[in-house]
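Take a look at the structure below.
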Amino acid sequence: MTKKTLNAPMNAPADGVRTSELASRLGGELIGSGDVFVTNVSSLAEADEAEIAFIASPQYLKQWPDSRASAVLVDRTLHSDLPSDPRPAILVDNVELATAELLRIFAPVEPSWDVGIHASACVDPTSEIAPSARIGPNVVVGPRCRIEDDVVLHPGVCVYAGSRIGPRTALHSGVVIRSRCAIGADVIIHQNASIGADGFGYRPTSDGSGLVKMPHNGRVVIEDRVEIGASTCVDRGKFGDTTIGFGTKVDNLVQIAHNCRIGRHCVIAGGTALAGSVVLEDWVMLGGQVGIIEHARIGRGAKIGAQAGVGRDVPPGGEQTGSPADDAHAVLRQIAALRKLPRLMKRLSSQPGRAGKGDASQGRSTRD
Amino acid sequence: MTKKTLNAPMNAPADGVRTSELASRLGGELIGSGDVFVTNVSSLAEADEAEIAFIASPQYLKQWPDSRASAVLVDRTLHSDLPSDPRPAILVDNVELATAELLRIFAPVEPSWDVGIHASACVDPTSEIAPSARIGPNVVVGPRCRIEDDVVLHPGVCVYAGSRIGPRTALHSGVVIRSRCAIGADVIIHQNASIGADGFGYRPTSDGSGLVKMPHNGRVVIEDRVEIGASTCVDRGKFGDTTIGFGTKVDNLVQIAHNCRIGRHCVIAGGTALAGSVVLEDWVMLGGQVGIIEHARIGRGAKIGAQAGVGRDVPPGGEQTGSPADDAHAVLRQIAALRKLPRLMKRLSSQPGRAGKGDASQGRSTRD
Amino acid sequence: MTKKTLNAPMNAPADGVRTSELASRLGGELIGSGDVFVTNVSSLAEADEAEIAFIASPQYLKQWPDSRASAVLVDRTLHSDLPSDPRPAILVDNVELATAELLRIFAPVEPSWDVGIHASACVDPTSEIAPSARIGPNVVVGPRCRIEDDVVLHPGVCVYAGSRIGPRTALHSGVVIRSRCAIGADVIIHQNASIGADGFGYRPTSDGSGLVKMPHNGRVVIEDRVEIGASTCVDRGKFGDTTIGFGTKVDNLVQIAHNCRIGRHCVIAGGTALAGSVVLEDWVMLGGQVGIIEHARIGRGAKIGAQAGVGRDVPPGGEQTGSPADDAHAVLRQIAALRKLPRLMKRLSSQPGRAGKGDASQGRSTRD
């Protein structure tokens, strides 16, 4: 299968962008010809002719002579080690950020829905829709909502009553925003994410015959520049709100329960589940499939390893892993020790007079 | 950000509810003025003026003098310890249930879709829709369905052929009910939940060249008063049905595989996955991200801790945790022991003649 | 509750199928009457009269006399041990595959949408829709797509620009296919699955003040005969594509991150999460809730146990479990040893002169 599709127009011109222009747009230093046309960015191994590859760390330098790429982006500090080659190189301070910029330059055009409200959309007359917003087919917007400038609501999005969607925010197909939620500016929410469902809280009836649902009157508040993955769920608060801070990124299939307060610039990987009222301070990173117990507070900059089960507060800067989670270095030592344990037990049980298969008193009596 | 939205009308009157009326509606005993107007319920720490806070356990008593709340709900047995204060208190037997009632009294009005079938909905003429049902925009109902009294189908819900939705049940946007499912009365299913997809079953072809899909001809049957979270999936049975019993509550992002039989009044927290044909007896509680192996039976009232991996039956009343799961107390002892293991190993390895780094025979030869 | 619904027509005739015809369709050998009419297939325990049950392994043989079934499907090698009975038996080489065929014969009719494009669907005029395709209510197809022969798009499916949906593929309600994805032939994608969302990748800004989104210009490519579960998410690649190979089956609520390359005939159970650029070679089996670290390669035919956390490559044919994952037999020995560890520690600590509660030097000094 080819990795190209015939019918995907690019943001860049079809015949490509000159290396001189790329160097200029990346703020980089051009070594070699500025007249090579580049049509895409790829890895050294996968690049075709007319593509630019990139080298961010020394171990990739030796792949450059064999790459089919027509140009290369290189970390400035690695240039002296780059195998000599007639093809142009662009030197930059931060290859990863420059690569992100190249990906933007060469991104295929994503067609969007027309400005305005599609004929099949159903918008309550009490809601305000900015004239620049794009309201796609089959979108439903309930009463008293505010959809601000340049918002894109992809097909089938549903916004219940009284919610606000901030400027330039994009909600992909199948996103459901329940009542009275506030979504900031420049937010991206991927398809089928669920914002504002009721929190999960019940109490036994006084006679113990069943369970009473706790109503959840709070909201979900998502600040600017947040990104939320596909099929992720953010439940509304009970009294107060569930909040996600500026710039935080949440992957797919994440559960954020009622009254969680997520700080700024956090990164939460896929499959993670936060119980009710969890607090993440700023810059927390959670690996995939992490679980955090209700009311735990994770300190600023803490890093939690994949599949960890966090049962109590984590201090700022803490690095934890394991289930139950503990200091990552301690857990690694425990795992190493556990791997040797079967052999240790076998040895001890083969030593008469040692704590082996027999019970403790037998052990002692033989030894003494 | 304020926690109020300007445009959310409340079920309660705008100027609030008198403490005398609240006491009466909660069946509580009023101490102090009955003429204070209350507009909302919140925690002691977060409450504003004109709000009522609540105290369910002794450690919160000392926060009452500093709370800005205008009234307080207190467990009757704690009243004698409540710091003296001119503000009114309402004494009740069960603060949590009374708080649930306060949340209902002060809930914002959730606007619903009009009674009847929205013009954009697509309902097969062979289906019966109760006149009191609310069928929202872009809802699709296939042939031979029965949608009963006071059902609410929010925008974009899709019900395939031959399913029944019982009285007063609400399906939120994006819920998909596949063919021939039976949903009871007073059920709530949150957005983007998937009911009745095919179970996950395949068999190798006779020549081993691929996999054959096992058809799943059974149904999903959900009894009355069940609540199901956003993006939760309940697969249909192979021969018989997948069933969820009366009053059971299921959180977001839960997987319930084909032919599971879930009892009454169970509570299943987010991220949990039940393999095929798992049985939960009544009143089982599962923590978040639990996994249960196929065909396991979890006895009545058992409690399974978060992230546990249950590989065999659990007796009634059992409390298990860990992966693989075991008796919770035993697992706690194992974890405590594991945490000391690296130190123990270091010690043993530093003892010549003990089971250390060398192999068992060396150990013995040195010792003997 | 009865397991039948009154209004579900069957593919088979209402009065059933003769045992002689069943034997013929299954390529089996009929013992006894060929004139018994069978209306359904079920287990020995659950079967009613006029149903056929099945026996694939010896322990079920003794249930046959008490079953209410009117006929039985039996593994040919077990026939001599089948309790003698006047009811007909059909002997086959592979009971599971024959049962799959019976389930197909007795499957209820699943009504589908009419051939053609439903009046409420919104299809861009630049897209090609095969005349035999069924485009259901409220479906949206963006520009430059190709929807091939006999495709079924259930209500509310959304296909963004430039995607191809191959022959006979069915996308259930709420499935969202983002731009430029390629879905093969005979694929089934269950409801609310999300294909082609952006991968989860960010880099710190050069001043450390925030996070920069890495654009994801690649695609998702799903080959023929793949099945994907409800609410499963498959993210698009960064440069190249995320690919799922021929015949692979993915359960519900699975996360497949950007640039994963999944081989042919893999089986991935529910709740599993693959990080970016994971490679599964052919015939890999992953249990439920497995997590795999980015860039790991899982060798052909490897089997990973439920809840395993795979932190490095797994060799072909490897069987691993645990978190962190390791050879399954080694992990079982570790678990067995861990269960004895608390007792061992207690013993050692009760032996003066052994490495117990005291520190190592104390231990030694007492002993020596």
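Chain labels run A, B, ... following the order of the structure tokens; each chain numbers its residues from 1, and ligands are numbered from 1 in the order shown.
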Apply DSSP to the backbone of this structure and, from region 286-321 of chain A, keep only the residues in strand (DSSP E or B); write these as a PyMOL selection string.
chain A and resi 286+291-292+297-298+303-304+309-310+314+319-321
Chain A contacts to chain C at 6 Å (only C-alpha atoms) as number ranges by chain
A: 42, 100, 103, 107, 342, 360
Trp64 (chain C) environment, 9 Å, only C-alpha atoms, sequence neighbours closer than 6 positions dropped, as JSON, numbers by chain:
{"C": [44, 45, 53, 55, 72, 82, 83, 85]}
Which neighbours of Asp327 (chain C) fall inside 12 Å, counting only C-alpha atoms, when residues of the same chain fewer than 5 positions from it are skipped, and could you give them as a JSON list (two decimals) with N, CA and C atoms, in the first residue's frame?
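Final output, selection.json:
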```
[["chain", "number", "residue", "atom", "x", "y", "z"],
["A", 339, "ARG", "N", 12.05, -10.96, 41.31],
["A", 339, "ARG", "CA", 12.48, -11.90, 40.27],
["A", 339, "ARG", "C", 13.47, -12.93, 40.81],
["C", 302, "ALA", "N", 3.08, -14.41, 19.60],
["C", 302, "ALA", "CA", 3.24, -14.20, 21.05],
["C", 302, "ALA", "C", 1.86, -14.06, 21.71],
["C", 303, "LYS", "N", 1.80, -14.46, 22.98],
["C", 303, "LYS", "CA", 0.56, -14.36, 23.76],
["C", 303, "LYS", "C", 0.85, -13.56, 25.03],
["C", 304, "ILE", "N", 0.09, -12.49, 25.23],
["C", 304, "ILE", "CA", 0.31, -11.62, 26.38],
["C", 304, "ILE", "C", -0.92, -11.71, 27.28],
["C", 305, "GLY", "N", -0.71, -12.03, 28.56],
["C", 305, "GLY", "CA", -1.82, -12.23, 29.49],
["C", 305, "GLY", "C", -2.52, -10.94, 29.88],
["C", 308, "ALA", "N", -1.27, -7.39, 31.56],
["C", 308, "ALA", "CA", 0.18, -7.30, 31.50],
["C", 308, "ALA", "C", 0.61, -5.90, 31.07],
["C", 310, "VAL", "N", 3.68, -4.43, 29.14],
["C", 310, "VAL", "CA", 4.83, -4.85, 28.36],
["C", 310, "VAL", "C", 5.76, -3.65, 28.15],
["C", 313, "ASP", "N", 10.53, -5.44, 23.95],
["C", 313, "ASP", "CA", 10.15, -6.38, 22.90],
["C", 313, "ASP", "C", 9.83, -7.76, 23.47],
["C", 314, "VAL", "N", 8.96, -8.47, 22.79],
["C", 314, "VAL", "CA", 8.63, -9.85, 23.16],
["C", 314, "VAL", "C", 9.01, -10.71, 21.96],
["C", 315, "PRO", "N", 9.75, -11.80, 22.19],
["C", 315, "PRO", "CA", 10.18, -12.62, 21.06],
["C", 315, "PRO", "C", 9.01, -13.39, 20.44],
["C", 317, "GLY", "N", 6.48, -16.11, 19.57],
["C", 317, "GLY", "CA", 6.03, -17.25, 20.36],
["C", 317, "GLY", "C", 6.11, -17.04, 21.86],
["C", 318, "GLY", "N", 6.58, -15.89, 22.29],
["C", 318, "GLY", "CA", 6.71, -15.64, 23.73],
["C", 318, "GLY", "C", 5.36, -15.62, 24.42],
["C", 319, "GLU", "N", 5.36, -16.06, 25.66],
["C", 319, "GLU", "CA", 4.14, -15.98, 26.48],
["C", 319, "GLU", "C", 4.50, -15.19, 27.71],
["C", 320, "GLN", "N", 3.90, -14.02, 27.85],
["C", 320, "GLN", "CA", 4.26, -13.15, 28.96],
["C", 320, "GLN", "C", 3.02, -12.72, 29.72],
["C", 321, "THR", "N", 3.27, -12.36, 30.96],
["C", 321, "THR", "CA", 2.20, -11.81, 31.79],
["C", 321, "THR", "C", 2.85, -10.95, 32.87],
["C", 322, "GLY", "N", 2.04, -10.28, 33.67],
["C", 322, "GLY", "CA", 2.54, -9.46, 34.76],
["C", 322, "GLY", "C", 2.84, -8.04, 34.34],
["C", 332, "LEU", "N", 4.54, -16.66, 37.21],
["C", 332, "LEU", "CA", 3.75, -17.52, 38.09],
["C", 332, "LEU", "C", 4.57, -17.99, 39.29],
["C", 333, "ARG", "N", 5.85, -18.33, 39.04],
["C", 333, "ARG", "CA", 6.70, -18.72, 40.17],
["C", 333, "ARG", "C", 6.91, -17.55, 41.13],
["C", 334, "GLN", "N", 7.06, -16.33, 40.56],
["C", 334, "GLN", "CA", 7.23, -15.16, 41.43],
["C", 334, "GLN", "C", 6.00, -14.93, 42.29]]
```
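Distance-wise, CA of Val187 (chain B) and CA of Asp150 (chain B) end up 11.7 Å apart.
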Neighbour list for Gly229 (chain A) as a PyMOL selection string, cut-off 6 Å, only C-alpha atoms, skip fewer than 3 positions in-chain
chain A and resi 190+232+250-252
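From CA of Pro111 (chain B) back to CA of Leu171 (chain A), the distance works out to 22.1 Å.
One finds CA of Val41 (chain C) at 15.2 Å from CA of Leu91 (chain C).
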C:Asp75, C:Glu148, C:Glu110, C:Glu227 ranked by distance to Val267 (chain C), top pick (using only C-alpha atoms):
C:Glu227
